[in-house]
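Shown here: coords08.tsv, TSV, C-alpha atoms.
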```
chain	number	residue	atom	x	y	z
S	1	MET	CA	-10.81	-8.66	12.13
S	2	ARG	CA	-11.85	-5.53	10.26
S	3	ASP	CA	-14.05	-5.55	7.21
S	4	PRO	CA	-11.62	-5.54	4.23
S	5	ASP	CA	-13.58	-2.70	2.60
S	6	VAL	CA	-13.23	-0.38	5.62
S	7	ILE	CA	-10.24	1.87	5.10
S	8	PRO	CA	-8.71	3.34	8.26
S	9	THR	CA	-8.57	7.12	8.43
S	10	ASP	CA	-5.23	8.93	8.50
S	11	GLN	CA	-5.78	9.52	12.22
S	12	GLU	CA	-6.39	5.81	12.84
S	13	LEU	CA	-3.25	4.93	10.87
S	14	ASP	CA	-1.24	7.42	12.95
S	15	GLN	CA	-2.54	5.85	16.17
S	16	MET	CA	-1.63	2.27	15.17
S	17	THR	CA	1.27	0.64	16.96
S	18	GLY	CA	4.15	-0.68	14.90
S	19	GLY	CA	2.74	-4.20	15.12
S	20	GLN	CA	-0.75	-3.12	14.07
S	21	LEU	CA	0.64	-1.16	11.14
S	22	LYS	CA	2.73	-4.13	10.01
S	23	ALA	CA	-0.30	-6.44	10.28
S	24	TYR	CA	-2.33	-3.99	8.16
S	25	GLU	CA	0.49	-3.79	5.61
S	26	ASN	CA	0.66	-7.59	5.45
S	27	ARG	CA	-3.11	-7.81	4.95
S	28	LEU	CA	-2.80	-5.40	2.02
S	29	ARG	CA	0.08	-7.50	0.64
S	30	ARG	CA	-2.19	-10.56	0.67
S	31	MET	CA	-4.99	-8.58	-1.02
S	32	ALA	CA	-2.53	-7.48	-3.71
S	33	ASP	CA	-1.23	-11.04	-4.18
S	34	ARG	CA	-4.76	-12.31	-4.81
S	35	GLN	CA	-5.12	-9.71	-7.57
S	36	GLY	CA	-1.83	-10.55	-9.27
S	37	LEU	CA	-0.13	-7.48	-7.83
S	38	ARG	CA	2.81	-6.94	-5.52
S	39	LEU	CA	2.89	-4.27	-2.82
S	40	MET	CA	6.30	-2.64	-2.71
S	41	LYS	CA	7.64	-0.24	-0.09
S	42	SER	CA	10.21	2.42	-0.84
S	43	ARG	CA	13.69	1.39	0.26
S	44	LEU	CA	14.75	4.98	0.98
S	45	ARG	CA	16.31	5.26	4.43
S	46	ASP	CA	16.52	9.06	4.65
S	47	ARG	CA	13.33	10.04	6.42
S	48	TYR	CA	13.50	13.49	4.81
S	49	ALA	CA	13.73	12.12	1.25
S	50	PHE	CA	10.76	12.58	-1.05
S	51	GLY	CA	9.02	9.19	-1.21
S	52	TYR	CA	10.36	7.82	2.10
S	53	GLY	CA	7.97	5.31	3.69
S	54	THR	CA	5.63	5.23	0.70
S	55	TYR	CA	4.32	2.36	-1.40
S	56	CYS	CA	3.37	1.36	-4.93
S	57	LEU	CA	1.67	-1.58	-6.61
S	58	VAL	CA	3.32	-3.46	-9.46
S	59	ASN	CA	2.13	-6.25	-11.72
S	60	ALA	CA	3.57	-9.41	-10.12
S	61	ARG	CA	4.16	-11.07	-13.49
S	62	THR	CA	5.62	-8.21	-15.54
S	63	GLY	CA	6.97	-5.84	-12.86
S	64	GLU	CA	5.11	-2.95	-14.50
S	65	LEU	CA	4.00	-0.10	-12.21
S	66	VAL	CA	0.24	-0.25	-11.77
S	67	PHE	CA	-0.47	2.35	-9.05
S	68	HIS	CA	2.00	4.98	-7.87
S	69	GLY	CA	1.99	8.60	-6.84
S	70	LEU	CA	5.44	9.74	-7.99
S	71	PRO	CA	6.93	9.69	-11.48
S	72	THR	CA	9.68	7.41	-10.17
S	73	GLY	CA	7.17	5.08	-8.49
S	74	TYR	CA	6.06	4.79	-4.86
S	75	GLY	CA	4.46	7.90	-3.36
S	76	LEU	CA	1.30	6.29	-1.94
S	77	ASP	CA	0.38	5.69	1.68
S	78	LEU	CA	-1.40	2.54	2.87
S	79	GLY	CA	-4.81	4.22	2.65
S	80	HIS	CA	-4.28	4.97	-1.06
S	81	ILE	CA	-3.06	1.42	-1.63
S	82	HIS	CA	-6.16	0.02	0.13
S	83	ARG	CA	-8.47	2.18	-2.03
S	84	ALA	CA	-6.68	1.04	-5.20
S	85	LEU	CA	-6.99	-2.63	-4.21
S	86	ILE	CA	-10.70	-2.33	-3.47
S	87	ARG	CA	-11.32	-0.49	-6.75
S	88	GLU	CA	-9.50	-3.22	-8.71
S	89	ARG	CA	-11.52	-5.94	-7.00
S	90	LYS	CA	-14.94	-4.48	-7.81
S	91	PRO	CA	-16.47	-5.00	-11.28
```
Please lay out the structure from this file as structure tokens.
Amino acid sequence: MRDPDVIPTDQELDQMTGGQLKAYENRLRRMADRQGLRLMKSRLRDRYAFGYGTYCLVNARTGELVFHGLPTGYGLDLGHIHRALIRERKP
């Protein structure tokens, strides 16, 4: 298992198989849960739509957007999500 503070590069993310990417996403979901956050993935199905395949973090209790890259929410890749989760965890 990887060190939770080591963030894969964009190249490493691109080289992950579907299963590896899903496992990484699930690990980030668990990290978010422990911090009272919920990792949400965009539900857009048009691969050419702005925001397709991106993520955001919301407060699990209130549903308020905590980290996002687009005004409408979402807009972050898993690397950005990982960085945000590590930053929130450190004092």
Length of the atom CA of S:His68 to atom CA of S:Gln11 vector [Å]:
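Going from atom CA of S:His68 over to atom CA of S:Gln11, I get 22.0 Å.
Note that atom CA of S:Gln15 and atom CA of S:Arg43 are 23.2 Å apart.
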Find the spatial neighbours of S:Leu70, counting all atoms listed in the file, within a cut-off of 10 Å - ignore same-chain residues fewer than 5 positions away - and output them as JSON, numbers by chain.
{"S": [50, 51, 54, 55, 56, 75, 76]}
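Of the residues listed (S:Leu57, S:Leu28, S:Ala23, S:Leu65), S:Leu28 shows the shortest atom-to-atom separation from S:His82; distances use only C-alpha atoms.
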Nearest candidate to S:Val66 (options S:Ile86, S:Leu44, S:Ala49, S:Ile81; using only C-alpha atoms)
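Nearest candidate to S:Val66 out of S:Ile86, S:Leu44, S:Ala49, S:Ile81: S:Ile81.
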Which polymer residues, protein or nucleic acid, are no farther than 12 Å from (-1.9, 0.9, -0.3), counting all atoms listed in the file, as a PyMOL selection string?
chain S and resi 7-8+13+21+24-32+37-41+53-58+66-69+74-87
One number please: atom CA of S:Asp46 to atom CA of S:Gln20, in Å, one decimal.
23.1 Å
